[in-house]
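Undergrad: Provided herewith: protein_35.cif, mmCIF, C-alpha atoms.
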```
data_work
loop_
_atom_site.label_atom_id
_atom_site.label_comp_id
_atom_site.auth_asym_id
_atom_site.auth_seq_id
_atom_site.Cartn_x
_atom_site.Cartn_y
_atom_site.Cartn_z
CA MET A 1 -22.90 11.24 -13.98
CA TYR A 2 -24.63 8.83 -11.75
CA TYR A 3 -24.83 5.09 -11.50
CA LEU A 4 -26.02 2.39 -9.14
CA LYS A 5 -26.22 -1.33 -9.87
CA PRO A 6 -28.38 -4.22 -8.64
CA LEU A 7 -28.83 -4.57 -4.93
CA ALA A 8 -29.32 -8.27 -4.47
CA CYS A 9 -29.90 -9.66 -0.98
CA ILE A 10 -31.35 -12.33 1.28
CA ILE A 11 -34.46 -11.11 3.15
CA PHE A 12 -34.06 -12.16 6.75
CA MET A 13 -37.31 -13.18 8.49
CA LEU A 14 -37.47 -12.27 12.18
CA ILE A 15 -39.27 -15.13 13.88
CA VAL A 16 -40.03 -15.68 17.56
CA ALA A 17 -40.47 -19.36 18.32
CA GLY A 18 -43.08 -20.35 20.92
CA ILE A 19 -43.09 -23.70 22.77
CA LEU A 20 -45.95 -24.98 24.88
CA ALA A 21 -45.15 -25.73 28.52
CA VAL A 22 -46.80 -28.40 30.68
CA SER A 23 -46.25 -26.96 34.14
CA LEU A 24 -46.32 -23.60 35.87
CA PRO A 25 -42.52 -23.47 36.40
CA GLY A 26 -42.06 -24.36 32.75
CA VAL A 27 -44.36 -21.55 31.69
CA ALA A 28 -42.38 -19.04 33.73
CA ILE A 29 -39.07 -20.23 32.26
CA GLN A 30 -40.41 -20.18 28.72
CA SER A 31 -41.90 -16.73 29.20
CA ALA A 32 -38.49 -15.41 30.20
CA GLY A 33 -36.96 -17.16 27.20
CA ASP A 34 -39.53 -15.60 24.89
CA GLN A 35 -38.70 -12.16 26.22
CA ASP A 36 -34.98 -12.75 25.68
CA LEU A 37 -35.70 -13.90 22.13
CA LYS A 38 -37.78 -10.80 21.43
CA ARG A 39 -35.02 -8.59 22.80
CA ALA A 40 -32.45 -10.41 20.66
CA ASP A 41 -34.60 -9.96 17.56
CA GLU A 42 -34.94 -6.25 18.31
CA LEU A 43 -31.17 -5.89 18.79
CA PHE A 44 -30.67 -7.60 15.45
CA ARG A 45 -33.16 -5.24 13.84
CA ARG A 46 -31.14 -2.31 15.18
CA GLY A 47 -27.95 -3.80 13.73
CA GLN A 48 -26.44 -4.58 17.15
CA PHE A 49 -25.24 -8.00 16.05
CA ASN A 50 -22.82 -8.85 18.87
CA GLU A 51 -25.36 -8.01 21.57
CA ALA A 52 -28.04 -9.98 19.74
CA ALA A 53 -25.73 -12.99 19.41
CA GLN A 54 -25.12 -13.05 23.17
CA LEU A 55 -28.85 -13.15 23.88
CA TYR A 56 -29.52 -15.77 21.20
CA ALA A 57 -26.78 -17.92 22.73
CA GLN A 58 -28.34 -17.60 26.19
CA VAL A 59 -31.73 -18.67 24.84
CA ALA A 60 -30.17 -21.61 22.97
CA LYS A 61 -28.41 -22.75 26.14
CA LYS A 62 -31.65 -22.71 28.15
CA ASN A 63 -33.76 -24.12 25.35
CA PRO A 64 -31.78 -26.21 22.81
CA ASP A 65 -34.95 -26.63 20.72
CA SER A 66 -35.44 -22.90 20.14
CA TYR A 67 -35.69 -22.32 16.39
CA GLY A 68 -35.57 -18.55 16.93
CA ALA A 69 -32.22 -18.78 18.71
CA ALA A 70 -30.75 -21.18 16.17
CA ILE A 71 -31.73 -19.14 13.14
CA GLY A 72 -30.70 -15.92 14.87
CA LEU A 73 -27.21 -17.26 15.51
CA GLY A 74 -27.07 -18.65 11.99
CA ARG A 75 -27.86 -15.21 10.53
CA ILE A 76 -25.21 -13.48 12.59
CA PHE A 77 -22.45 -16.00 11.89
CA VAL A 78 -23.21 -15.67 8.16
CA LEU A 79 -22.90 -11.89 8.50
CA ARG A 80 -19.55 -12.39 10.25
CA ASN A 81 -18.49 -14.78 7.46
CA SER A 82 -17.80 -17.36 10.19
CA LEU A 83 -19.06 -20.16 8.00
CA ASP A 84 -18.31 -23.24 10.13
CA ASN A 85 -20.24 -21.78 13.07
CA ALA A 86 -22.98 -20.59 10.73
CA GLU A 87 -23.40 -24.08 9.26
CA THR A 88 -23.79 -25.62 12.72
CA TRP A 89 -26.66 -23.31 13.69
CA VAL A 90 -28.34 -23.25 10.29
CA LYS A 91 -28.41 -27.05 10.14
CA LYS A 92 -29.95 -27.05 13.61
CA ALA A 93 -32.60 -24.58 12.47
CA MET A 94 -33.36 -26.76 9.43
CA ALA A 95 -33.76 -29.80 11.65
CA LEU A 96 -36.13 -27.94 13.96
CA LYS A 97 -38.28 -26.53 11.14
CA PRO A 98 -37.62 -28.37 7.86
CA GLY A 99 -40.28 -26.41 5.99
CA GLU A 100 -38.84 -22.94 6.60
CA LYS A 101 -37.16 -21.15 3.69
CA GLU A 102 -34.69 -18.97 5.56
CA PRO A 103 -32.39 -21.78 6.79
CA LYS A 104 -32.24 -23.12 3.23
CA ALA A 105 -31.36 -19.67 1.90
CA LEU A 106 -28.61 -19.30 4.49
CA MET A 107 -27.29 -22.81 3.84
CA GLY A 108 -27.12 -22.05 0.13
CA GLU A 109 -25.19 -18.87 0.89
CA ILE A 110 -22.75 -20.68 3.19
CA LEU A 111 -21.89 -23.20 0.47
CA TYR A 112 -21.79 -20.51 -2.23
CA ARG A 113 -19.20 -18.47 -0.31
CA GLN A 114 -17.06 -21.61 0.03
CA ASP A 115 -17.20 -22.12 -3.77
CA LYS A 116 -19.23 -25.32 -3.27
CA TYR A 117 -21.52 -24.29 -6.06
CA PHE A 118 -22.97 -27.62 -7.08
CA GLN A 119 -23.82 -28.48 -3.45
CA ALA A 120 -25.43 -25.05 -3.00
CA ALA A 121 -27.69 -25.32 -6.05
CA PRO A 122 -30.51 -27.42 -4.46
CA TYR A 123 -30.90 -24.92 -1.62
CA PHE A 124 -31.43 -22.01 -4.00
CA GLU A 125 -33.81 -24.11 -6.06
CA ALA A 126 -35.78 -24.89 -2.88
CA ILE A 127 -36.37 -21.16 -2.22
CA GLY A 128 -37.36 -20.38 -5.80
CA GLN A 129 -34.10 -18.86 -7.06
CA ASP A 130 -34.11 -21.00 -10.18
CA ALA A 131 -31.69 -18.87 -12.21
CA LYS A 132 -29.02 -19.03 -9.52
CA ALA A 133 -29.62 -22.74 -8.99
CA GLU A 134 -29.17 -23.40 -12.71
CA LYS A 135 -25.90 -21.47 -12.81
CA LEU A 136 -24.48 -23.22 -9.76
CA SER A 137 -25.50 -26.60 -11.17
CA ALA A 138 -23.32 -25.85 -14.19
CA PHE A 139 -20.30 -26.30 -11.89
CA LYS A 140 -20.94 -30.01 -11.31
CA ASP A 141 -17.63 -31.04 -12.86
CA LYS A 142 -15.52 -27.90 -12.36
CA ALA A 143 -14.31 -25.74 -9.52
CA PRO A 144 -15.25 -22.03 -9.69
CA PHE A 145 -12.59 -19.33 -9.41
CA LEU A 146 -9.72 -21.76 -9.93
CA ILE A 147 -6.52 -19.68 -9.89
CA GLU A 148 -4.23 -21.53 -12.29
CA ARG A 149 -1.13 -19.39 -12.16
CA GLY A 150 0.27 -16.07 -11.13
CA PRO A 151 2.44 -14.52 -8.42
CA GLU A 152 1.29 -13.82 -4.88
CA VAL A 153 0.41 -10.22 -5.74
CA THR A 154 -0.71 -8.52 -8.93
CA THR A 155 -1.55 -4.91 -9.73
CA LEU A 156 -4.07 -3.62 -12.26
CA PRO A 157 -3.75 0.10 -13.09
CA PHE A 158 -6.89 2.17 -13.34
CA ILE A 159 -7.50 3.25 -16.92
CA GLN A 160 -9.51 6.01 -15.30
CA THR A 161 -10.33 6.77 -11.68
CA ASP A 162 -13.25 9.17 -12.07
CA PRO A 163 -16.18 9.13 -12.16
CA LEU A 164 -15.52 5.47 -11.23
CA PRO A 165 -12.42 3.22 -11.51
CA ILE A 166 -12.09 1.17 -14.70
CA ILE A 167 -9.53 -1.58 -15.33
CA GLU A 168 -8.69 -3.88 -18.22
CA LEU A 169 -9.49 -7.62 -18.03
CA THR A 170 -9.16 -10.41 -20.55
CA VAL A 171 -12.16 -12.74 -20.78
CA ASN A 172 -11.92 -15.85 -22.96
CA GLY A 173 -9.07 -14.17 -24.85
CA GLN A 174 -10.90 -10.85 -25.38
CA LYS A 175 -9.68 -7.63 -23.74
CA GLY A 176 -12.35 -5.44 -22.21
CA MET A 177 -12.88 -2.40 -19.98
CA PHE A 178 -14.46 -3.25 -16.60
CA LEU A 179 -15.82 -1.03 -13.86
CA ILE A 180 -14.90 -1.90 -10.25
CA ASP A 181 -17.98 -1.95 -8.04
CA THR A 182 -18.46 -3.53 -4.60
CA GLY A 183 -22.21 -2.99 -5.03
CA ALA A 184 -22.32 -5.60 -7.79
CA TRP A 185 -21.92 -9.31 -7.15
CA GLU A 186 -20.20 -11.50 -9.78
CA LEU A 187 -18.54 -10.58 -13.08
CA HIS A 188 -21.11 -8.67 -15.16
CA ILE A 189 -20.52 -8.81 -18.91
CA MET A 190 -22.44 -6.55 -21.28
CA PRO A 191 -24.27 -8.07 -24.26
CA ALA A 192 -21.94 -7.11 -27.12
CA PHE A 193 -18.80 -8.16 -25.24
CA ALA A 194 -20.40 -11.42 -24.07
CA GLU A 195 -21.01 -12.27 -27.71
CA LYS A 196 -17.36 -11.57 -28.55
CA CYS A 197 -16.31 -13.80 -25.65
CA ARG A 198 -18.63 -16.55 -26.89
CA ILE A 199 -20.26 -16.97 -23.51
CA LYS A 200 -23.30 -19.17 -23.85
CA PRO A 201 -26.24 -17.91 -21.77
CA LEU A 202 -28.10 -20.35 -19.55
CA THR A 203 -31.86 -20.67 -19.89
CA GLN A 204 -33.08 -19.07 -16.64
CA LYS A 205 -33.16 -15.31 -16.06
CA GLN A 206 -33.33 -13.21 -12.92
CA VAL A 207 -34.66 -9.74 -12.11
CA GLY A 208 -32.35 -7.31 -10.28
CA ILE A 209 -33.28 -4.24 -8.25
CA PHE A 210 -31.43 -1.10 -9.34
CA ALA A 211 -31.19 2.52 -8.32
CA GLY A 212 -34.50 4.06 -7.33
CA GLY A 213 -36.10 0.62 -7.05
CA ARG A 214 -36.07 0.10 -10.85
CA GLN A 215 -35.91 -3.47 -12.09
CA ALA A 216 -34.15 -5.11 -15.03
CA ALA A 217 -33.59 -8.67 -16.16
CA SER A 218 -30.30 -10.49 -16.65
CA GLY A 219 -29.11 -13.96 -17.54
CA ASN A 220 -26.16 -16.07 -16.39
CA GLY A 221 -23.22 -17.92 -17.83
CA VAL A 222 -19.67 -19.13 -17.19
CA ALA A 223 -16.42 -17.66 -18.53
CA ASP A 224 -13.74 -20.27 -19.19
CA THR A 225 -10.75 -18.03 -18.37
CA VAL A 226 -10.38 -14.52 -16.96
CA PHE A 227 -7.02 -12.77 -16.64
CA LEU A 228 -6.92 -10.40 -13.66
CA GLY A 229 -3.52 -8.82 -14.08
CA ASP A 230 -1.05 -11.71 -13.75
CA PHE A 231 -3.66 -14.10 -12.35
CA SER A 232 -5.27 -16.63 -14.67
CA VAL A 233 -8.64 -17.62 -13.18
CA ARG A 234 -10.73 -20.47 -14.62
CA ASN A 235 -14.47 -21.14 -14.45
CA VAL A 236 -15.74 -17.70 -13.50
CA PRO A 237 -19.52 -17.26 -13.06
CA VAL A 238 -20.87 -14.27 -14.97
CA VAL A 239 -24.03 -12.18 -15.04
CA LEU A 240 -25.37 -11.27 -18.49
CA PRO A 241 -27.52 -8.11 -18.41
CA GLU A 242 -30.07 -7.90 -21.21
CA ALA A 243 -29.11 -4.26 -21.77
CA PRO A 244 -26.07 -2.11 -20.89
CA GLN A 245 -26.22 -0.96 -17.26
CA GLY A 246 -25.82 2.75 -16.65
CA PRO A 247 -24.30 5.47 -18.84
CA PHE A 248 -20.73 4.14 -19.04
CA SER A 249 -19.11 2.80 -22.18
CA ILE A 250 -17.77 -0.37 -20.57
CA ASP A 251 -17.66 -4.07 -21.30
CA GLY A 252 -18.54 -5.19 -17.80
CA ILE A 253 -18.39 -4.81 -14.04
CA VAL A 254 -16.13 -6.53 -11.50
CA GLY A 255 -18.21 -7.21 -8.40
CA THR A 256 -17.56 -8.27 -4.83
CA VAL A 257 -17.80 -12.03 -5.44
CA VAL A 258 -14.81 -11.81 -7.78
CA LEU A 259 -12.87 -9.52 -5.47
CA TYR A 260 -13.42 -11.40 -2.19
CA HIS A 261 -11.37 -14.31 -3.53
CA PHE A 262 -8.39 -12.06 -2.81
CA LYS A 263 -7.29 -9.58 -0.20
CA PHE A 264 -7.79 -6.54 -2.39
CA THR A 265 -6.84 -2.88 -2.23
CA LEU A 266 -8.43 0.01 -4.06
CA ASP A 267 -5.63 2.57 -4.13
CA TYR A 268 -7.54 5.58 -5.38
CA PRO A 269 -4.69 8.17 -5.09
CA ALA A 270 -2.24 5.96 -7.02
CA GLY A 271 -4.93 4.72 -9.40
CA LYS A 272 -4.59 0.95 -9.07
CA LEU A 273 -6.25 -2.25 -7.86
CA ILE A 274 -3.96 -4.61 -5.92
CA LEU A 275 -4.94 -8.29 -5.58
CA ARG A 276 -3.15 -10.54 -3.07
CA ARG A 277 -3.60 -14.28 -2.89
CA PHE A 278 -4.85 -15.76 0.35
CA PRO A 279 -2.42 -18.41 1.64
CA PRO A 280 -3.68 -22.02 1.72
CA ALA A 281 -5.81 -22.91 4.75
CA ILE A 282 -3.04 -25.13 6.15
CA SER A 283 -0.44 -22.35 5.89
CA LYS A 284 0.34 -19.91 8.69
CA LYS A 285 2.22 -17.62 6.33
CA PRO A 286 0.86 -14.04 6.47
CA ILE A 287 -0.30 -12.25 3.36
CA THR A 288 2.48 -10.14 1.87
CA GLU A 289 2.35 -6.35 1.51
CA PRO A 290 0.13 -5.44 4.45
CA GLU A 291 -1.88 -2.23 4.39
CA PRO A 292 -0.02 1.03 5.14
CA GLU A 293 1.00 1.82 8.69
CA GLY A 294 -1.49 4.05 10.49
CA ALA A 295 -4.47 2.87 8.48
CA ALA A 296 -7.85 3.21 10.20
CA ARG A 297 -9.36 -0.23 10.59
CA THR A 298 -13.02 -1.10 11.03
CA ARG A 299 -15.04 -4.29 11.08
CA PHE A 300 -17.51 -5.08 8.32
CA TRP A 301 -20.26 -7.64 7.75
CA LEU A 302 -21.28 -9.47 4.58
CA LEU A 303 -24.95 -9.99 3.74
CA GLY A 304 -26.00 -12.33 0.97
CA ASP A 305 -23.47 -12.71 -1.79
CA HIS A 306 -22.04 -9.19 -1.88
CA LEU A 307 -23.60 -6.55 0.40
CA ILE A 308 -20.89 -5.10 2.67
CA PHE A 309 -21.95 -3.20 5.79
CA ALA A 310 -19.80 -1.14 8.18
CA ARG A 311 -20.57 1.38 10.90
CA GLY A 312 -20.32 5.11 10.42
CA THR A 313 -21.91 8.43 11.23
CA VAL A 314 -23.44 11.27 9.23
CA ASN A 315 -23.30 14.85 10.53
CA GLY A 316 -22.25 13.44 13.92
CA ILE A 317 -25.40 11.28 14.21
CA GLY A 318 -25.23 7.51 14.56
CA PRO A 319 -23.58 5.13 14.39
CA TYR A 320 -25.50 3.68 11.47
CA LEU A 321 -24.81 0.62 9.36
CA PHE A 322 -23.75 1.87 5.93
CA LEU A 323 -23.75 -0.19 2.76
CA VAL A 324 -20.20 0.01 1.37
CA ASP A 325 -20.97 0.35 -2.32
CA THR A 326 -18.11 1.88 -4.30
CA GLY A 327 -20.09 2.09 -7.55
CA MET A 328 -22.07 5.34 -7.23
CA ALA A 329 -20.68 7.95 -9.59
CA GLY A 330 -21.19 11.60 -8.79
CA GLY A 331 -21.55 11.24 -5.04
CA GLY A 332 -20.27 9.68 -1.85
CA PHE A 333 -23.47 9.13 0.13
CA ASP A 334 -27.18 8.38 -0.01
CA CYS A 335 -29.59 7.48 2.77
CA PRO A 336 -33.24 6.82 3.61
CA LYS A 337 -35.63 9.69 4.36
CA SER A 338 -35.54 8.90 8.09
CA VAL A 339 -31.78 9.63 8.19
CA ILE A 340 -32.28 12.83 6.20
CA ASP A 341 -34.52 13.96 9.06
CA GLU A 342 -32.40 12.62 11.96
CA ALA A 343 -29.13 14.07 10.67
CA ARG A 344 -30.79 17.30 9.51
CA ILE A 345 -29.48 16.93 5.99
CA GLU A 346 -30.51 19.79 3.74
CA LEU A 347 -31.98 18.68 0.42
CA SER A 348 -31.71 20.66 -2.78
CA ARG A 349 -35.12 21.72 -4.05
CA GLU A 350 -34.23 20.86 -7.61
CA GLY A 351 -33.55 17.29 -8.62
CA LEU A 352 -31.10 15.94 -11.17
CA GLN A 353 -31.69 13.24 -13.74
CA GLY A 354 -29.53 10.23 -12.99
CA MET A 355 -29.14 6.94 -14.81
CA GLY A 356 -29.17 3.57 -13.06
CA GLY A 357 -29.16 0.02 -14.35
CA GLY A 358 -32.96 0.04 -14.55
CA GLY A 359 -33.35 3.42 -16.25
CA ALA A 360 -33.60 7.12 -15.43
CA ILE A 361 -34.16 8.29 -11.86
CA THR A 362 -34.33 11.64 -10.09
CA VAL A 363 -31.77 12.41 -7.37
CA TYR A 364 -31.24 15.42 -5.11
CA PRO A 365 -27.79 16.83 -4.21
CA ILE A 366 -26.80 16.82 -0.54
CA THR A 367 -23.62 17.65 1.41
CA VAL A 368 -22.70 15.73 4.58
CA ASN A 369 -19.90 15.06 7.07
CA LEU A 370 -19.15 11.32 7.20
CA THR A 371 -17.20 8.78 9.20
CA LEU A 372 -16.62 5.12 8.46
CA GLY A 373 -15.02 3.55 11.49
CA ALA A 374 -12.26 5.99 12.45
CA ALA A 375 -11.92 7.41 8.91
CA ARG A 376 -13.52 10.82 8.45
CA ARG A 377 -14.33 13.24 5.64
CA ASP A 378 -16.28 16.47 5.79
CA ASN A 379 -18.36 18.17 3.11
CA VAL A 380 -18.88 15.03 1.06
CA ARG A 381 -21.23 15.51 -1.86
CA GLY A 382 -24.07 13.02 -1.97
CA LEU A 383 -27.14 12.16 -4.04
CA TYR A 384 -30.43 11.45 -2.29
CA GLY A 385 -33.00 9.27 -4.04
CA ALA A 386 -31.09 6.27 -5.39
CA ILE A 387 -31.85 3.84 -2.55
CA PRO A 388 -35.14 2.00 -3.11
CA PRO A 389 -37.80 3.35 -0.72
CA ASP A 390 -38.25 0.06 1.16
CA PHE A 391 -34.56 -0.80 1.45
CA GLU A 392 -34.02 0.64 4.94
CA TYR A 393 -35.29 -2.52 6.70
CA ARG A 394 -35.46 -4.93 3.80
CA ASN A 395 -32.62 -7.07 5.16
CA GLY A 396 -34.08 -7.49 8.66
CA PHE A 397 -31.92 -4.74 10.15
CA ARG A 398 -31.70 -1.01 9.62
CA MET A 399 -29.48 0.34 6.88
CA GLY A 400 -28.59 3.96 7.58
CA GLY A 401 -27.18 4.81 4.19
CA LEU A 402 -24.92 3.99 1.28
CA ILE A 403 -21.31 5.20 1.28
CA SER A 404 -19.47 5.36 -2.02
CA HIS A 405 -16.85 6.72 -4.40
CA GLY A 406 -16.97 10.38 -3.37
CA PHE A 407 -16.09 9.41 0.21
CA PHE A 408 -13.38 6.87 -0.67
CA ARG A 409 -11.61 8.99 -3.32
CA PRO A 410 -8.64 10.17 -1.15
CA PHE A 411 -8.12 6.78 0.54
CA VAL A 412 -6.14 3.60 0.03
CA VAL A 413 -8.81 1.04 0.96
CA THR A 414 -8.05 -2.62 1.74
CA PHE A 415 -10.76 -5.28 2.13
CA ASP A 416 -9.91 -8.51 3.94
CA PHE A 417 -12.72 -11.08 3.94
CA LYS A 418 -10.75 -13.47 6.16
CA THR A 419 -10.56 -11.05 9.09
CA MET A 420 -13.67 -9.12 7.94
CA THR A 421 -11.88 -5.82 8.38
CA LEU A 422 -11.59 -2.71 6.26
CA ALA A 423 -8.37 -0.66 6.43
CA MET A 424 -8.27 2.93 5.17
CA LYS A 425 -5.27 5.22 4.80
CA GLN A 426 -5.95 8.79 3.66
CA ASP A 427 -3.82 10.69 1.17
CA SER A 428 -4.83 14.31 1.70
CA SER A 429 -3.33 15.37 -1.62
CA ALA A 430 -5.97 13.29 -3.41
CA ASP A 431 -8.81 15.53 -2.20
CA SER A 432 -8.03 18.00 -4.97
CA LEU A 433 -8.49 15.27 -7.59
CA GLU A 434 -12.09 14.47 -6.74
#
```
Please rewrite the model in this file as structure tokens.
TA:
Amino acid sequence: MYYLKPLACIIFMLIVAGILAVSLPGVAIQSAGDQDLKRADELFRRGQFNEAAQLYAQVAKKNPDSYGAAIGLGRIFVLRNSLDNAETWVKKAMALKPGEKEPKALMGEILYRQDKYFQAAPYFEAIGQDAKAEKLSAFKDKAPFLIERGPEVTTLPFIQTDPLPIIELTVNGQKGMFLIDTGAWELHIMPAFAEKCRIKPLTQKQVGIFAGGRQAASGNGVADTVFLGDFSVRNVPVVLPEAPQGPFSIDGIVGTVVLYHFKFTLDYPAGKLILRRFPPAISKKPITEPEPEGAARTRFWLLGDHLIFARGTVNGIGPYLFLVDTGMAGGGFDCPKSVIDEARIELSREGLQGMGGGGAITVYPITVNLTLGAARRDNVRGLYGAIPPDFEYRNGFRMGGLISHGFFRPFVVTFDFKTMTLAMKQDSSADSLE
């Protein structure tokens, strides 16, 4: 079985700002600044974010009115989830070029990640994302993801682990079966279950991009109360697909936006999801139950509202930036055609019929050796053909592939969106369960 869900994202525009000089020395200085800006943009395009940030900062120091440097730093701080720094540079970019869309998109994202939904709504409206703006405006008088009660840690057992993990949630008093998927964004609720939960759809709809580049429409709404294990969470934004997504008999999908409100662990070998509260901002108390000793840790970046990227290699080639999308059933990896060629990945001549959120697609089996940070697995089965053809550079930087369930299956995987680190501890005995 095979499944991939919407890949929503912000499209970063790579812009080189030019400023007229009035003297020969000024022209020479600006020319050097332009070259630095071009180099920074190219580093960003390659996914070398730290190196790009250093060059953008140098340009901004020499030329405080450089829009290219300001927006470049804004992009990178958003990717790092360093939202205070991101806001400083994005506001500067907006002041320098009030008519540009990208700073507004980034500002909307900054506020959205801070759960300042009502304040974020006008920015999404300004860039034409009317459905999202309408949903965020619905939070004028209520705080999203308000955790009313519960302990510091809760555990939700997997009802099943393969082909993808499923857990039980209670939405507006109704129990349902939900897939866990870091490639989805908010809480997706299928049509029949949404009706049982009496979730009223908002008027605006959006179109999502699914496996193979297929498209499908969905609406939006708000769930009054969601029970995640022992946590009672109020005012949860939901996505309402017009049709069931993929081949699974489920009531919904738990996406990254829900999960990043906690430090969360996908313990595949033990078959459970662990959610840990983040301590209040004023507290210095560490989160309880840290990840297992000896876990391999790697940095990750967050694009848009849910796209997680981390560095890895395929067949010893790379490093590439991989999209960490746990929701692909039947495989652990997919990649663009360019990576197939670079890593000398052998494609099966015969394709398989897969099912994504937008309909049937054809995929081709592959087998690869993968790393993600210091974590490694050999002979991982993959499925080539799910990534939309133009997705490699759609986000302004190169994506080298998608890494998913078949790779993570023997690991205990902890995501921490405060430190932006991924910790992985392998249980070798779980390999036989894949």
Undergrad: What does the distance from atom CA of A:Gly401 to atom CA of A:Pro336 come to in Å, to one decimal?
TA: 6.4 Å
Undergrad: Between A:Phe145, A:Trp185, A:Phe322, A:Trp89, which residue has the minimum interatomic distance to A:Asp305, considering all atoms listed in the file?
TA: A:Trp185
Undergrad: Residues picked by the PyMOL selection byres ((chain A and resi 114-120) around 8) here, as a PyMOL selection string?
TA: chain A and resi 107-113+121-124+133+136-140+143-145
Undergrad: Please identify all polymer residues within 9 Å of A:Pro151, counting all atoms listed in the file, omitting same-chain residues fewer than 5 positions from it, and present them as a list in words.
TA: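 Here the answer would be Asp230, Phe231, Arg276 and Arg277 of chain A.
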Undergrad: Those same residues, written as a PDB file, in the frame of the given file with C-alpha atoms?
TA:
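Produced file again.pdb, reproduced below:
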```pdb
ATOM      1  CA  ASP A 230      -1.050 -11.710 -13.750  1.00  0.00           C
ATOM      2  CA  PHE A 231      -3.660 -14.100 -12.350  1.00  0.00           C
ATOM      3  CA  ARG A 276      -3.150 -10.540  -3.070  1.00  0.00           C
ATOM      4  CA  ARG A 277      -3.600 -14.280  -2.890  1.00  0.00           C
TER       5      ARG A 277
END
```
Undergrad: What's the separation between atom CA of A:Val226 and atom CA of A:Gly128, in Å to one decimal place?
TA: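 A separation of 29.8 Å between them.
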Undergrad: Need to verify the contact set: stretch 186-191 of chain A, 6 Å, all atoms listed in the file, exclusion of same-chain residues closer than 2 positions in sequence. Can you return it as a ChimeraX atom specification?
TA: /A:193-194,238-240,244,251-255,257-258
Undergrad: Taking only C-alpha atoms into account, name the residue in A:Ala329, A:Ala217, A:Ile199, A:Ala86 that is nearest to A:Phe248.
TA: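 Closest candidate: A:Ala329.
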Undergrad: For the provided coordinates, the residues matched by the PyMOL selection byres ((chain A and resi 179) around 12) should be stated as a ChimeraX atom specification.
TA: /A:3-5,158-169,176-178,180-184,187-190,245-256,273,326-329
Undergrad: Restricting it to C-alpha atoms, dump the selection as a compact mmCIF listing (two decimals), keeping the file's coordinate frame.
TA:
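The result, stored in out28.txt:
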```
# COMPACT_ATOMS: atom_id res chain seq x y z
CA TYR A 3 -24.83 5.09 -11.50
CA LEU A 4 -26.02 2.39 -9.14
CA LYS A 5 -26.22 -1.33 -9.87
CA PHE A 158 -6.89 2.17 -13.34
CA ILE A 159 -7.50 3.25 -16.92
CA GLN A 160 -9.51 6.01 -15.30
CA THR A 161 -10.33 6.77 -11.68
CA ASP A 162 -13.25 9.17 -12.07
CA PRO A 163 -16.18 9.13 -12.16
CA LEU A 164 -15.52 5.47 -11.23
CA PRO A 165 -12.42 3.22 -11.51
CA ILE A 166 -12.09 1.17 -14.70
CA ILE A 167 -9.53 -1.58 -15.33
CA GLU A 168 -8.69 -3.88 -18.22
CA LEU A 169 -9.49 -7.62 -18.03
CA GLY A 176 -12.35 -5.44 -22.21
CA MET A 177 -12.88 -2.40 -19.98
CA PHE A 178 -14.46 -3.25 -16.60
CA ILE A 180 -14.90 -1.90 -10.25
CA ASP A 181 -17.98 -1.95 -8.04
CA THR A 182 -18.46 -3.53 -4.60
CA GLY A 183 -22.21 -2.99 -5.03
CA ALA A 184 -22.32 -5.60 -7.79
CA LEU A 187 -18.54 -10.58 -13.08
CA HIS A 188 -21.11 -8.67 -15.16
CA ILE A 189 -20.52 -8.81 -18.91
CA MET A 190 -22.44 -6.55 -21.28
CA GLN A 245 -26.22 -0.96 -17.26
CA GLY A 246 -25.82 2.75 -16.65
CA PRO A 247 -24.30 5.47 -18.84
CA PHE A 248 -20.73 4.14 -19.04
CA SER A 249 -19.11 2.80 -22.18
CA ILE A 250 -17.77 -0.37 -20.57
CA ASP A 251 -17.66 -4.07 -21.30
CA GLY A 252 -18.54 -5.19 -17.80
CA ILE A 253 -18.39 -4.81 -14.04
CA VAL A 254 -16.13 -6.53 -11.50
CA GLY A 255 -18.21 -7.21 -8.40
CA THR A 256 -17.56 -8.27 -4.83
CA LEU A 273 -6.25 -2.25 -7.86
CA THR A 326 -18.11 1.88 -4.30
CA GLY A 327 -20.09 2.09 -7.55
CA MET A 328 -22.07 5.34 -7.23
CA ALA A 329 -20.68 7.95 -9.59
```
Undergrad: Would you kindly translate the PyMOL selection byres ((chain A and resi 149) around 12) into the concrete residues it picks from this file, as a CSV table (one decimal) with C-alpha atoms, in the coordinates of the input?
TA:
```csv
chain,number,residue,atom,x,y,z
A,145,PHE,CA,-12.6,-19.3,-9.4
A,146,LEU,CA,-9.7,-21.8,-9.9
A,147,ILE,CA,-6.5,-19.7,-9.9
A,148,GLU,CA,-4.2,-21.5,-12.3
A,150,GLY,CA,0.3,-16.1,-11.1
A,151,PRO,CA,2.4,-14.5,-8.4
A,152,GLU,CA,1.3,-13.8,-4.9
A,153,VAL,CA,0.4,-10.2,-5.7
A,154,THR,CA,-0.7,-8.5,-8.9
A,225,THR,CA,-10.8,-18.0,-18.4
A,226,VAL,CA,-10.4,-14.5,-17.0
A,227,PHE,CA,-7.0,-12.8,-16.6
A,228,LEU,CA,-6.9,-10.4,-13.7
A,229,GLY,CA,-3.5,-8.8,-14.1
A,230,ASP,CA,-1.0,-11.7,-13.8
A,231,PHE,CA,-3.7,-14.1,-12.4
A,232,SER,CA,-5.3,-16.6,-14.7
A,233,VAL,CA,-8.6,-17.6,-13.2
A,234,ARG,CA,-10.7,-20.5,-14.6
A,277,ARG,CA,-3.6,-14.3,-2.9
```
Undergrad: What gap, in Å, lies between atom CA of A:Lys337 and atom CA of A:Leu422?
TA: 27.1 Å
